[in-house]
file my_file-v6.pdb (PDB, C-alpha atoms, pLDDT in the B column)
ATOM      1  CA  MET W   1       0.000   0.000   0.000  1.00 62.00           C
ATOM      2  CA  GLY W   2       1.141   3.509  -0.761  1.00 74.00           C
ATOM      3  CA  ARG W   3       0.943   6.554   1.379  1.00 82.00           C
ATOM      4  CA  LYS W   4      -2.372   8.272   1.866  1.00 86.00           C
ATOM      5  CA  LYS W   5      -2.708  11.493  -0.117  1.00 86.00           C
ATOM      6  CA  ILE W   6      -3.425  14.450   2.119  1.00 81.00           C
ATOM      7  CA  GLU W   7      -5.291  17.593   1.196  1.00 85.00           C
ATOM      8  CA  ILE W   8      -2.953  20.565   0.931  1.00 87.00           C
ATOM      9  CA  LYS W   9      -4.321  23.230   3.258  1.00 91.00           C
ATOM     10  CA  LEU W  10      -3.224  25.150   6.334  1.00 90.00           C
ATOM     11  CA  VAL W  11      -2.786  22.942   9.389  1.00 89.00           C
ATOM     12  CA  LYS W  12      -5.018  24.543  12.016  1.00 91.00           C
ATOM     13  CA  ASN W  13      -3.430  23.029  15.132  1.00 92.00           C
ATOM     14  CA  ILE W  14      -0.348  25.135  15.874  1.00 90.00           C
ATOM     15  CA  GLU W  15       1.713  22.301  17.360  1.00 92.00           C
ATOM     16  CA  ALA W  16       0.879  20.029  14.427  1.00 91.00           C
ATOM     17  CA  ARG W  17       1.771  22.883  12.060  1.00 90.00           C
ATOM     18  CA  TYR W  18       5.259  23.177  13.590  1.00 91.00           C
ATOM     19  CA  VAL W  19       5.793  19.415  13.367  1.00 91.00           C
ATOM     20  CA  THR W  20       4.594  19.384   9.747  1.00 91.00           C
ATOM     21  CA  PHE W  21       6.857  22.309   8.932  1.00 91.00           C
ATOM     22  CA  SER W  22       9.870  20.600  10.479  1.00 90.00           C
ATOM     23  CA  LYS W  23       9.301  17.359   8.564  1.00 91.00           C
ATOM     24  CA  ARG W  24       8.558  19.107   5.259  1.00 91.00           C
ATOM     25  CA  ARG W  25      11.597  21.368   5.634  1.00 92.00           C
ATOM     26  CA  LYS W  26      13.845  18.317   6.056  1.00 92.00           C
ATOM     27  CA  GLY W  27      12.302  16.785   2.936  1.00 92.00           C
ATOM     28  CA  LEU W  28      12.804  20.019   1.021  1.00 92.00           C
ATOM     29  CA  PHE W  29      16.472  20.134   2.054  1.00 91.00           C
ATOM     30  CA  LYS W  30      16.886  16.510   0.962  1.00 93.00           C
ATOM     31  CA  LYS W  31      15.344  17.205  -2.467  1.00 93.00           C
ATOM     32  CA  ALA W  32      17.479  20.321  -2.947  1.00 92.00           C
ATOM     33  CA  SER W  33      20.591  18.341  -2.019  1.00 92.00           C
ATOM     34  CA  GLU W  34      19.667  15.543  -4.429  1.00 93.00           C
ATOM     35  CA  LEU W  35      19.076  18.067  -7.234  1.00 92.00           C
ATOM     36  CA  SER W  36      22.492  19.561  -6.600  1.00 91.00           C
ATOM     37  CA  ILE W  37      24.252  16.187  -6.526  1.00 92.00           C
ATOM     38  CA  LEU W  38      22.443  14.590  -9.479  1.00 93.00           C
ATOM     39  CA  CYS W  39      22.498  17.586 -11.796  1.00 92.00           C
ATOM     40  CA  GLY W  40      25.533  19.515 -10.586  1.00 90.00           C
ATOM     41  CA  ALA W  41      23.267  22.509 -10.068  1.00 89.00           C
ATOM     42  CA  ARG W  42      23.932  25.283  -7.622  1.00 89.00           C
ATOM     43  CA  VAL W  43      20.924  25.362  -5.341  1.00 91.00           C
ATOM     44  CA  GLY W  44      19.913  28.048  -2.870  1.00 91.00           C
ATOM     45  CA  LEU W  45      16.804  27.705  -0.741  1.00 91.00           C
ATOM     46  CA  LEU W  46      15.520  30.440   1.579  1.00 89.00           C
ATOM     47  CA  GLY W  47      12.381  30.287   3.678  1.00 89.00           C
ATOM     48  CA  PHE W  48      10.762  31.402   6.887  1.00 89.00           C
ATOM     49  CA  SER W  49       9.371  29.156   9.589  1.00 87.00           C
ATOM     50  CA  PRO W  50       5.812  29.697  10.838  1.00 86.00           C
ATOM     51  CA  SER W  51       7.348  31.589  13.763  1.00 84.00           C
ATOM     52  CA  GLY W  52       9.137  33.918  11.324  1.00 86.00           C
ATOM     53  CA  LYS W  53      12.679  32.592  11.675  1.00 88.00           C
ATOM     54  CA  PRO W  54      14.664  32.362   8.436  1.00 89.00           C
ATOM     55  CA  PHE W  55      16.217  29.109   7.264  1.00 87.00           C
ATOM     56  CA  ALA W  56      18.425  28.444   4.284  1.00 89.00           C
ATOM     57  CA  PHE W  57      20.070  25.659   2.327  1.00 89.00           C
ATOM     58  CA  GLY W  58      22.822  26.077  -0.204  1.00 89.00           C
ATOM     59  CA  SER W  59      24.999  23.889  -2.322  1.00 87.00           C
ATOM     60  CA  PRO W  60      27.941  24.414  -2.309  1.00 85.00           C
ATOM     61  CA  SER W  61      26.842  27.029   0.289  1.00 86.00           C
ATOM     62  CA  PHE W  62      23.978  29.477   0.494  1.00 84.00           C
ATOM     63  CA  GLN W  63      26.344  32.458   0.491  1.00 85.00           C
ATOM     64  CA  VAL W  64      28.088  31.240  -2.685  1.00 84.00           C
ATOM     65  CA  VAL W  65      24.744  30.780  -4.459  1.00 86.00           C
ATOM     66  CA  ILE W  66      23.487  34.215  -3.355  1.00 84.00           C
ATOM     67  CA  ASP W  67      26.736  35.933  -4.326  1.00 81.00           C
ATOM     68  CA  GLU W  68      26.591  34.314  -7.746  1.00 82.00           C
ATOM     69  CA  TYR W  69      22.945  35.293  -8.167  1.00 80.00           C
ATOM     70  CA  LEU W  70      23.591  38.882  -7.121  1.00 79.00           C
ATOM     71  CA  HIS W  71      26.542  39.288  -9.487  1.00 76.00           C
ATOM     72  CA  GLU W  72      25.007  37.419 -12.444  1.00 71.00           C
ATOM     73  CA  GLY W  73      21.580  38.997 -12.093  1.00 60.00           C
ATOM     74  CA  GLY W  74      22.919  42.518 -11.861  1.00 52.00           C
ATOM     75  CA  VAL W  75      21.343  42.954  -8.451  1.00 52.00           C
ATOM     76  CA  GLU W  76      22.876  45.735  -6.385  1.00 55.00           C
ATOM     77  CA  THR W  77      25.051  44.566  -3.492  1.00 56.00           C
ATOM     78  CA  PHE W  78      25.403  46.515  -0.256  1.00 58.00           C
ATOM     79  CA  GLU W  79      28.392  47.616   1.764  1.00 57.00           C
ATOM     80  CA  ASN W  80      28.393  47.130   5.550  1.00 56.00           C
ATOM     81  CA  GLY W  81      27.582  50.801   6.155  1.00 62.00           C
ATOM     82  CA  GLU W  82      24.589  50.582   3.861  1.00 71.00           C
ATOM     83  CA  ILE W  83      23.379  47.449   5.675  1.00 69.00           C
ATOM     84  CA  GLY W  84      23.559  49.331   8.964  1.00 69.00           C
ATOM     85  CA  ASN W  85      21.512  52.180   7.488  1.00 76.00           C
ATOM     86  CA  LEU W  86      18.942  49.729   6.143  1.00 76.00           C
ATOM     87  CA  ASN W  87      18.764  48.042   9.560  1.00 75.00           C
ATOM     88  CA  GLU W  88      18.103  51.387  11.259  1.00 81.00           C
ATOM     89  CA  GLU W  89      15.467  52.297   8.677  1.00 83.00           C
ATOM     90  CA  LEU W  90      13.822  48.910   9.152  1.00 82.00           C
ATOM     91  CA  LYS W  91      13.745  49.343  12.943  1.00 84.00           C
ATOM     92  CA  ASP W  92      12.216  52.812  12.593  1.00 86.00           C
ATOM     93  CA  LEU W  93       9.557  51.543  10.192  1.00 86.00           C
ATOM     94  CA  LYS W  94       8.676  48.659  12.516  1.00 86.00           C
ATOM     95  CA  LYS W  95       8.330  51.094  15.432  1.00 88.00           C
ATOM     96  CA  GLU W  96       6.034  53.303  13.345  1.00 88.00           C
ATOM     97  CA  ILE W  97       3.866  50.326  12.455  1.00 87.00           C
ATOM     98  CA  LYS W  98       3.611  49.256  16.108  1.00 87.00           C
ATOM     99  CA  VAL W  99       2.554  52.759  17.148  1.00 86.00           C
ATOM    100  CA  GLU W 100      -0.033  52.932  14.374  1.00 84.00           C
ATOM    101  CA  ASP W 101      -1.312  49.424  15.140  1.00 83.00           C
ATOM    102  CA  LYS W 102      -1.816  50.415  18.794  1.00 84.00           C
ATOM    103  CA  LYS W 103      -3.702  53.514  17.731  1.00 79.00           C
ATOM    104  CA  ILE W 104      -5.941  51.453  15.451  1.00 78.00           C
ATOM    105  CA  GLU W 105      -6.613  48.928  18.239  1.00 79.00           C
ATOM    106  CA  GLU W 106      -7.515  51.727  20.624  1.00 74.00           C
ATOM    107  CA  VAL W 107      -9.824  53.325  18.058  1.00 69.00           C
ATOM    108  CA  ASP W 108     -11.441  49.937  17.349  1.00 71.00           C
ATOM    109  CA  LYS W 109     -12.010  49.369  21.064  1.00 72.00           C
ATOM    110  CA  GLY W 110     -13.456  52.842  21.456  1.00 65.00           C
ATOM    111  CA  ILE W 111     -10.686  53.929  23.824  1.00 63.00           C
ATOM    112  CA  ILE W 112      -9.624  56.781  21.571  1.00 58.00           C
ATOM    113  CA  PRO W 113     -12.398  58.548  19.699  1.00 59.00           C
ATOM    114  CA  THR W 114     -11.485  59.431  16.146  1.00 61.00           C
ATOM    115  CA  ASP W 115     -12.480  62.547  14.279  1.00 70.00           C
ATOM    116  CA  LEU W 116     -11.290  61.130  10.979  1.00 70.00           C
ATOM    117  CA  SER W 117     -13.738  60.591   8.178  1.00 74.00           C
ATOM    118  CA  LEU W 118     -14.091  57.241   6.457  1.00 75.00           C
ATOM    119  CA  GLU W 119     -12.061  58.560   3.520  1.00 80.00           C
ATOM    120  CA  GLU W 120      -9.233  59.672   5.835  1.00 78.00           C
ATOM    121  CA  LEU W 121      -9.241  56.307   7.630  1.00 75.00           C
ATOM    122  CA  GLN W 122      -8.994  54.527   4.267  1.00 80.00           C
ATOM    123  CA  LYS W 123      -5.995  56.694   3.367  1.00 81.00           C
ATOM    124  CA  VAL W 124      -4.337  55.776   6.683  1.00 79.00           C
ATOM    125  CA  LYS W 125      -5.030  52.100   6.005  1.00 81.00           C
ATOM    126  CA  THR W 126      -3.540  52.370   2.502  1.00 83.00           C
ATOM    127  CA  SER W 127      -0.415  54.110   3.802  1.00 82.00           C
ATOM    128  CA  LEU W 128       0.026  51.429   6.484  1.00 81.00           C
ATOM    129  CA  LYS W 129      -0.156  48.715   3.828  1.00 81.00           C
ATOM    130  CA  GLU W 130       2.454  50.554   1.735  1.00 80.00           C
ATOM    131  CA  LEU W 131       4.668  50.897   4.800  1.00 81.00           C
ATOM    132  CA  GLN W 132       4.330  47.179   5.502  1.00 80.00           C
ATOM    133  CA  GLY W 133       5.348  46.433   1.904  1.00 76.00           C
ATOM    134  CA  GLU W 134       8.428  48.615   2.298  1.00 76.00           C
ATOM    135  CA  ILE W 135       9.370  46.770   5.473  1.00 79.00           C
ATOM    136  CA  GLU W 136       8.998  43.387   3.783  1.00 75.00           C
ATOM    137  CA  ALA W 137      11.145  44.573   0.866  1.00 72.00           C
ATOM    138  CA  ALA W 138      13.810  45.931   3.228  1.00 72.00           C
ATOM    139  CA  SER W 139      13.772  42.674   5.193  1.00 72.00           C
ATOM    140  CA  SER W 140      14.303  40.676   1.997  1.00 69.00           C
ATOM    141  CA  LEU W 141      17.199  42.893   0.965  1.00 65.00           C
ATOM    142  CA  LEU W 142      18.769  42.526   4.388  1.00 67.00           C
ATOM    143  CA  LEU W 143      18.479  38.755   4.209  1.00 64.00           C
ATOM    144  CA  LEU W 144      20.162  38.709   0.827  1.00 63.00           C
ATOM    145  CA  ALA W 145      22.870  41.090   2.028  1.00 61.00           C
ATOM    146  CA  LYS W 146      23.677  39.174   5.228  1.00 57.00           C
ATOM    147  CA  LYS W 147      24.420  35.590   6.012  1.00 51.00           C
ATOM    148  CA  PRO W 148      21.213  33.768   6.952  1.00 49.00           C
ATOM    149  CA  VAL W 149      20.655  32.501  10.474  1.00 47.00           C
ATOM    150  CA  PHE W 150      20.798  28.819   9.492  1.00 51.00           C
ATOM    151  CA  ILE W 151      23.113  27.570   6.771  1.00 50.00           C
ATOM    152  CA  ILE W 152      23.157  23.897   5.856  1.00 55.00           C
ATOM    153  CA  GLN W 153      25.804  22.985   3.340  1.00 53.00           C
ATOM    154  CA  GLY W 154      25.300  20.093   0.970  1.00 50.00           C
TER     155      GLY W 154
END

call {"tool": "encode", "arguments": {"input": "my_file-v6.pdb", "output": "structure tokens"}}
result
Amino acid sequence: MGRKKIEIKLVKNIEARYVTFSKRRKGLFKKASELSILCGARVGLLGFSPSGKPFAFGSPSFQVVIDEYLHEGGVETFENGEIGNLNEELKDLKKEIKVEDKKIEEVDKGIIPTDLSLEELQKVKTSLKELQGEIEAASSLLLLAKKPVFIIQG
């Protein structure tokens, strides 16, 4: 008998989700390693756990694959000073989002009355979404510019 086919959907139980993630991540690393060995391909794999922690796999190493990608693809690389500036900008943006999120929660709970019209609130919502997009982009650039937290070499 073969394995039972499971429906691909979000695992609702948080503990089961972490276990599933762990097992699937190991399988993904194994497949990436096999692809590298069998085909002689350079493989780089970057992901984020359900808790938001980055993980990476690279063959021959993640840093080698990323460096090659950045130089071949014409993607701009960053100097250490620029990385520091991006880190500071990212921290500031995250602080702004936290402050705005608290304000929204307080308005939703009725703690802080708002004099803003519906149109003004929609503009605030749109600007928060844009700010979140900028933070995600900056985070991605930082991950590509730095060594990832976990590096597994094949």

call {"tool": "residues_around", "arguments": {"input": "my_file-v6.pdb", "residues": "W:Lys129", "least_positions_apart": "6", "cutoff": "10 Å", "atoms": "all atoms listed in the file", "output": "PyMOL selection string"}}
result
chain W and resi 97+123+135

call {"tool": "residues_around", "arguments": {"input": "my_file-v6.pdb", "residues": "W:Glu100", "least_positions_apart": "5", "cutoff": "12 Å", "atoms": "all atoms listed in the file", "output": "MDAnalysis selection string"}}
result
chainID W and resid 93:95 105:107 121 124:125 127:129 131:132

call {"tool": "residues_around", "arguments": {"input": "my_file-v6.pdb", "residues": "stretch 26-32 of chain W", "least_positions_apart": "5", "cutoff": "9 Å", "atoms": "all atoms listed in the file", "output": "compact mmCIF listing (two decimals) with C-alpha atoms, keeping the file's coordinate frame"}}
result
# COMPACT_ATOMS: atom_id res chain seq x y z
CA PHE W 21 6.86 22.31 8.93
CA ILE W 37 24.25 16.19 -6.53
CA VAL W 43 20.92 25.36 -5.34
CA GLY W 44 19.91 28.05 -2.87
CA LEU W 45 16.80 27.70 -0.74
CA ALA W 56 18.42 28.44 4.28
CA PHE W 57 20.07 25.66 2.33
CA GLY W 58 22.82 26.08 -0.20
CA SER W 59 25.00 23.89 -2.32
CA ILE W 152 23.16 23.90 5.86
CA GLY W 154 25.30 20.09 0.97

call {"tool": "atom_distance", "arguments": {"input": "my_file-v6.pdb", "atom1": "atom CA of W:Glu88", "atom2": "atom CA of W:Glu72"}}
result
28.4 Å

call {"tool": "closest_residue", "arguments": {"input": "my_file-v6.pdb", "among": "W:Gly2, W:Ser36, W:Gly47, W:Ser117", "to": "W:Arg24", "atoms": "all atoms listed in the file"}}
result
W:Gly47

call {"tool": "atom_distance", "arguments": {"input": "my_file-v6.pdb", "atom1": "atom CA of W:Asn85", "atom2": "atom CA of W:Phe55"}}
result
23.7 Å
